[in-house]
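The block underneath contains the structure these notes are about, expressed in structure tokens.
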Amino acid sequence: MTSRVAISVIIPTLNEERTIGQTLSSLPLSEILEAILVDGGSTDQTISIIEVSCVGAPNIRLVTAPAGRAGQMNEGAKAARGDILLFLHADTLLPTGAQRMIQAALTDPAIVAGRFDVTFDSRSALGTMISTFMNWRSRLSGIATGDQALFIRRHVFEQLGGFADIPLMEDIEFSRRLKRAGLTAALHQKVTTSFRRWEQQGPLRTILLMWTLRFLYWIGVSPHRLKDFYKAVR
């Protein structure tokens, strides 16, 4: 019988009081080695909510790091003890049986990493259309974005040097390098992520912003310059 893989779930947080409680309560704590919350300096109730969740759950840990998703995830990886690292957004829920799905995918030694398809917590026709497009694009391009709960063998993550220290596009940049390390499994099972960003900014405006940022990144504009543009149009 194949032994259970030891999974460390790494969740970067920054002012996530609206979502982090539900994310933590939905984690399959009995099936994972640990959940590491990496806070980047929250000024709301995020840390208090995490600390309450830690009571009676010794495999939930809180560490701190300077704000910046890439750096926070790298710090979480350093603190992790698992053989498999799973990077999860603070507003994203894993599917039931995620541990078994990950273990099944990694039985193939050629698979070095994997990601899930994504669906939104809004069941609107527009949300379904956007998530379907995101999943198709990811499958065709081989790019795993942060919303899709990337999981990776720890030694491969370390060999690649972790996420690049850039303010935006760290998931896309990492996916580019990951392709050279081996195959990434594109699971059809879905994580559920919040539709709040799309609702707050407007779906069309959000789509145009994301396409613009990615186009500029693909033609060579520095993520540091893109960060200024991102702030200006939000």
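By order of appearance in the structure tokens: chains A, B, ..., then residues from 1 within every chain, and ligands from 1 in the order shown.
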
Can you check which parts of segment 86-168 of chain A lie within 9 Å of segment 8-12 of chain A? Per residue, the shortest pair of atoms and distance in Å to one decimal, counting only C-alpha atoms, sorted by chain and number, as a tab-separated table.
residue	atom	partner	partner_atom	distance
A:Leu86	CA	A:Val9	CA	4.7
A:Phe87	CA	A:Ile10	CA	4.9
A:Leu88	CA	A:Ile11	CA	5.1
A:His89	CA	A:Ile11	CA	5.8
A:Ala90	CA	A:Ile11	CA	6.0
A:Phe151	CA	A:Val9	CA	8.7

Every residue of segment 32-212 of chain A that DSSP places in helix (DSSP H, G or I), as a PyMOL selection string: chain A and resi 46-54+69-79+98-105+125-141+146-148+154-159+170-178+196-201+203-212

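Proximity to Ile102 of chain A was assessed for A:Ala35, A:Ile49, A:Ile152, A:Met210 counting only C-alpha atoms; the smallest distance is recorded for A:Ile152.
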
Can you list, as a VMD selection string, all residues belonging to segment 88-196 of chain A that DSSP tags as strand (DSSP E)? chain A and resid 92 to 93 111 to 120 151 to 153 183 to 193

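The space separating atom CA of Ala57 of chain A from atom CA of Arg154 of chain A comes to 23.5 Å.
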